[in-house]
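Colleague: Encoded as structure tokens, here's the structure I'll be asking about.
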Amino acid sequence: MHENRLIHETSPYLQQHAHNPVDWYPWGEEAFEKARRENKLVFLSIGYSTCHWCHVMENESFEDEATARILNDNFVAIKVDREERPDIDAAYMNFVVATTGSGGWPLNVFVTPDRKPFFGGTYFPPTARYGMPSFKTVLEDIASKYRDDTRNVEDAVERMTTALQESVKKRWDSGALGLDSKPIKLFNDEFLESFDPENGGNLGAPKFPITLEIIFNFYQKRNIPESLRTLKRMGNGGIFDHVDGGFHRYSIDDKWLVPHFEKMLYDNALLLDAFSQAYLLTNDAFFKEKASMIYKYLTKRLYTTNGFYSAQDADSEGEEGKYYVFSFDEIKSVVKHFDLIKNRYNVTKQGNFEGKNILNVDTRQSSSLSASDREKLEDDLARLQAYREKRVPPATDTKIITCWNGLAISGIARYALACDDEAALLLAARLGSTYMEQMVDKGKILRIFGKETIRGFLEDHAALANAFIDLHEATRETRFLDAAKKVIDWAAGEFWHDDGFLAESGKNHEALFSADTRVHDAVTPSGASLFLLALLKLDALDPGQRYGEMLETCLKAHYPALVSRPSSIVLMVMVLWGFLGHLHAITVPEPLATSQLLTQLHRLPAFNKIVKVTSISGKQISVCTGTACKIATDARDVLSIIEQS
């Protein structure tokens with residue numbers, strides 16, 4: 001059994017490679033010093049534990065002795081977990097996208113000893129196919145070129161690095177002098193143009209959740225039928241785990257049927273929020289049921305007292321989806337009401353995935369169950385779950401990532417209010433308290449809970465601040481609001497650049513060859529968008545402070561990006577819409593702030609609102625929108641004011 005330096009790392013992804021014959025190093029000075037000493041390029045490979053093609057390349061190449069010899073003889077090999085070090089991933093991904101036109105994982109980059117990229121790509125096959133050379137050929141060609149023509153390689157690297165740095169600087173050009181609603185209109189136009197009217201989501205395949213778009217649509221009360229259709233199709237499709245709850249990453253088809261089977265904390269955190277909001281909008285029990293199943297999945301499979309684990313793998317026993325699918329005969333032998341299960345979940349002898357069945361529901365039948373049939377189905381699904389749990393489960397990535405936990409805490413807090421789940425709110429508050437005690441009270445935000453060596457990035461600070469704000473609104477506890485203000489102040493001091501621009505990496509992080517100035521929403525909202533969302537909420541909760549000024553400065557700085565690509569910066573577009581006079585600050589005097597009234601206010605089917613309780617005496621509720629305030633006597637009045645504004 002081989003063993004390399006990754007054996008000492010805590011990342012499950014790095015541990016997966018600890019027994020490769022490749023002489024892997026973790027990112028650090030030791031590896032680059034060796035590269036300088038031996039005049040070798042660094043082979044930098046970046047991935048994450050639930051990445052299917054990362055597993056494929058490991059099995060094909062990194063576990064292959066012949067490939068490992070080429071790597072070990074000619075390069076210094078470094079492995080990076082992109083979820084631990086999103087800064088490294090972003091810098092080298094920018095290079096690969098700029099030079100090849102596309103990116104993804106695994107991300108494989110050849111880097112000089114001074115950490116500047118020379119050549120890169122994603123997956124390389126072990127033999128020439130897909131119109132690509134074999135990985136061994138790539139390794140030998142790159143090693144030969146660097147060995148025989150080092151000076152020209154280094155000159156080319158300098159030119160490429162300079163060009164990339166200049167392109168990054170252009171993103172920081174002067175912003176706008178004023179703000180308007182043009183990005184909102186552009187978003188709505190683009191949303192409808194790309195919408196799949198039959199299946200929901202974006203047209204074509206693969207289909208990824210469009211959760212941020214849906215949340216903004218609910219916020220602005222536009223595109224509601226399209227958003228609800230998308231959630232219905234997803235909740236009935238194979239992308240949803242009908243046995244154990246939770247959503248898989250995406251579907252490879254255009255009907256949400258066949259998923260890529262990994263389950264991610266961030267997807268389920270955001271979808272929990274969206275389904276909870278859909279329930280408040282419609283009072284349709286379907287949405288409440290799916291939200292409840294997401295919450296149960298999170299607490300059953302990913303929860304620890306320090307936070308939620310980050311993901312579950314798609315593969316088990318070397319096969320993608322093996323844990324999740326059933327043969328016709330398996331289902332028949334396990335359940336009591338086979339015909340009901342078969343008809344409800346489209347079970348067939350031929351199956352819909354490599355001869356097996358991914359359970360899914362025809363949307364037209366989704367609300368046609370009697371109470372008796374529903375009870376029978378629940379009993380049989382429990383039987384299928386017990387049967388499935390005897391299988392070898394997919395691996396769980398046990399990193400507890402602060403950003404993703406911030407999203408989860410926010411989602412759970414809003415789910416608890418929408419679906420009247422007091423235990424869920426207690427859990428969210430308990431996790432919030434843990435982060436306060438273990439990070440805020442100790443004076444620093446970490447990227448990974450318990451890992452002192454990696455400081456939190458902008459997204460970690462901003463997501464956690466939003467979680468504290470949402471907990472304050474749900475519980476009325478001022479300690480959460482105080483913690484949010486403290487974290488936002490830290491973030492402003494560390495990540496804020498001139499004229500309102502923000503960087504994901506801050507003053508406490510390693511300086512890389514290229515700054516990380518992402519503002520687009522990827523699998524999670526950008527740190528910049530989350531930071532602005534926190535400023536918007538804090539300005540409503542505590543007007544007269546500097547939050548509003550900071551927010552306006554940032555929005556003006558990013559306005560050109562909001563106009564040029566609103567669909568990829570959805571959360572920031574939502575913040576802009578709120579800032580332009582569409583956020584309702586509902587102030588309740590302490591004597592009126594009964595649990596009943598606050599519950600009614602939280603459950604209003606309007607999401608561009610924030611509820612606060614004031615110690616100032618009074619007998620009426622104030623609803624302030626923009627620069628105008630109106631008076632209400634109860635929750636019904638509040639909703640009427642919001643709908644008329």
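Labels for the structure tokens follow display order: chains A, B, ..., residues from 1 in each chain, ligands from 1.
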Would you mind listing what lies within 9 Å of A:Ile215 as a list in words, with only C-alpha atoms counted and same-chain residues fewer than 6 positions away left out?
Modeller: Ser227, Leu270, Asp273, Ala274, Gln277, Leu571, Met574 and Phe607 of chain A
Colleague: Would you pick out the contacts of A:Glu643 at 12 Å or less, using only C-alpha atoms, so that residues sharing its chain but fewer than 6 positions from it are not included, and give the list as number ranges by chain?
Modeller: A: 220-221, 582-584, 604-609, 623, 625, 636-637
Colleague: Please report, as a PyMOL selection string, each residue of stretch 91-123 of chain A to which DSSP assigns helix (DSSP H, G or I) when run on this structure's backbone.
Modeller: chain A and resi 91-100
Colleague: Keeping only C-alpha atoms, take the residues you just selected and write them out as a PDB file, in the first residue's frame.
Modeller:
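See out.pdb below for the written result:
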ATOM      1  CA  ALA A  91      -7.374  31.738  -9.567  1.00  0.00           C
ATOM      2  CA  TYR A  92      -6.379  28.715 -11.650  1.00  0.00           C
ATOM      3  CA  MET A  93      -9.894  28.198 -12.991  1.00  0.00           C
ATOM      4  CA  ASN A  94      -9.814  31.752 -14.344  1.00  0.00           C
ATOM      5  CA  PHE A  95      -6.633  30.848 -16.194  1.00  0.00           C
ATOM      6  CA  VAL A  96      -7.999  27.621 -17.665  1.00  0.00           C
ATOM      7  CA  VAL A  97     -11.255  29.253 -18.774  1.00  0.00           C
ATOM      8  CA  ALA A  98      -9.340  32.167 -20.304  1.00  0.00           C
ATOM      9  CA  THR A  99      -6.986  29.880 -22.236  1.00  0.00           C
ATOM     10  CA  THR A 100      -9.315  27.015 -23.209  1.00  0.00           C
TER      11      THR A 100
END
Colleague: Using DSSP on the backbone, list every residue of stretch 104-142 of chain A that comes out as strand (DSSP E or B), and give them as a PyMOL selection string.
Modeller: chain A and resi 107-111+117-121+129+132
Colleague: Go ahead and write the residues just picked, N, CA and C atoms, as a tab-separated table (two decimals), in the first residue's frame.
Modeller:
chain	number	residue	atom	x	y	z
A	107	LEU	N	-9.73	19.91	-12.11
A	107	LEU	CA	-8.99	21.00	-12.74
A	107	LEU	C	-7.51	20.67	-12.62
A	108	ASN	N	-6.84	20.52	-13.75
A	108	ASN	CA	-5.43	20.11	-13.77
A	108	ASN	C	-4.61	21.19	-14.47
A	109	VAL	N	-3.65	21.75	-13.74
A	109	VAL	CA	-2.89	22.89	-14.24
A	109	VAL	C	-1.40	22.66	-14.00
A	110	PHE	N	-0.61	22.97	-15.01
A	110	PHE	CA	0.85	22.91	-14.88
A	110	PHE	C	1.33	24.31	-14.49
A	111	VAL	N	2.08	24.37	-13.39
A	111	VAL	CA	2.40	25.63	-12.73
A	111	VAL	C	3.91	25.73	-12.54
A	117	PRO	N	0.60	29.86	-13.70
A	117	PRO	CA	0.15	28.76	-14.56
A	117	PRO	C	0.74	28.83	-15.96
A	118	PHE	N	0.99	27.63	-16.52
A	118	PHE	CA	1.54	27.52	-17.87
A	118	PHE	C	0.54	26.89	-18.83
A	119	PHE	N	-0.06	25.80	-18.41
A	119	PHE	CA	-0.99	25.07	-19.28
A	119	PHE	C	-1.97	24.34	-18.38
A	120	GLY	N	-3.23	24.22	-18.83
A	120	GLY	CA	-4.20	23.53	-17.98
A	120	GLY	C	-5.39	23.00	-18.75
A	121	GLY	N	-6.14	22.18	-18.07
A	121	GLY	CA	-7.36	21.61	-18.63
A	121	GLY	C	-8.16	20.95	-17.52
A	129	ARG	N	-8.71	9.62	-26.61
A	129	ARG	CA	-10.12	9.48	-26.99
A	129	ARG	C	-10.82	10.81	-26.73
A	132	MET	N	-9.07	13.89	-27.54
A	132	MET	CA	-8.05	14.39	-26.62
A	132	MET	C	-6.86	13.43	-26.59
Colleague: Identify, on the basis of only C-alpha atoms, every residue whose closest approach to A:Ser410 does not exceed 12 Å; exclude the query and any residue fewer than 5 positions from it along the same chain; express the result as a PyMOL selection string.
Modeller: chain A and resi 266+268-274+276+403-405+415-417+424-425+427-429+431-432+462-474+530+534
Colleague: For A:Asn59, which of A:Gly101, A:Phe208, A:Asp196, A:Gln16 is the closest residue, counting only C-alpha atoms?
Modeller: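 Distance minimum relative to A:Asn59 lands on A:Gln16.
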Colleague: Please provide as a ChimeraX atom specification all residues within 12 Å of A:Ala386, with the sequence filter that same-chain residues fewer than 5 positions apart are discarded (counting only C-alpha atoms).
Modeller: /A:243-244,334-335,379-381,391
Colleague: Rounded to one decimal, what separation in Å do you get between atom CA of A:Lys79 and atom CA of A:Asp64?
Modeller: 16.3 Å
Colleague: Hey, what's within 9 Å of A:Leu340 if we count only C-alpha atoms and toss same-chain stuff fewer than 2 positions away? As a PyMOL selection string, please?
Modeller: chain A and resi 337-338+342-345+373+376-377
Colleague: Next, the residues of the selection above should be written as a JSON list (two decimals), in the first residue's frame with C-alpha atoms.
Modeller:
[["chain", "number", "residue", "atom", "x", "y", "z"],
["A", 337, "HIS", "CA", -48.75, -2.43, -1.78],
["A", 338, "PHE", "CA", -46.81, -3.08, -4.94],
["A", 342, "LYS", "CA", -45.59, 0.83, -9.13],
["A", 343, "ASN", "CA", -48.21, 3.19, -10.47],
["A", 344, "ARG", "CA", -47.31, 6.09, -8.26],
["A", 345, "TYR", "CA", -43.56, 6.04, -8.87],
["A", 373, "ASP", "CA", -53.30, 5.54, -0.13],
["A", 376, "LYS", "CA", -49.86, 3.00, 2.53],
["A", 377, "LEU", "CA", -47.24, 4.76, 0.42]]
Colleague: So which one's closest to A:Cys51, A:Lys145, A:Arg249, A:Arg115, A:His520? Using only C-alpha atoms, please.
Modeller: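 The shortest atom-to-atom distance to A:Cys51 comes from A:Arg249.
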Colleague: Work out how far atom CA of A:Lys356 is from atom CA of A:Gly237, in Å to one decimal.
Modeller: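 Pair atom CA of A:Gly237 / atom CA of A:Lys356 returns 15.5 Å.
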Colleague: Find the residues near A:Val588: any atom within 12 Å, counting only C-alpha atoms, skip ones fewer than 3 places away on the same chain, and give them as a PyMOL selection string.
Modeller: chain A and resi 473+476+541+585+591-595+597-598+601+610-624+631-635+638
Colleague: Do a neighbour search on A:Val519 at 12 Å with only C-alpha atoms, toss out local chain neighbours closer than 6 positions, and write the hits as a PyMOL selection string.
Modeller: chain A and resi 90+168+171-172+458-459+501-504+525-532+554-555+557-562+565-573
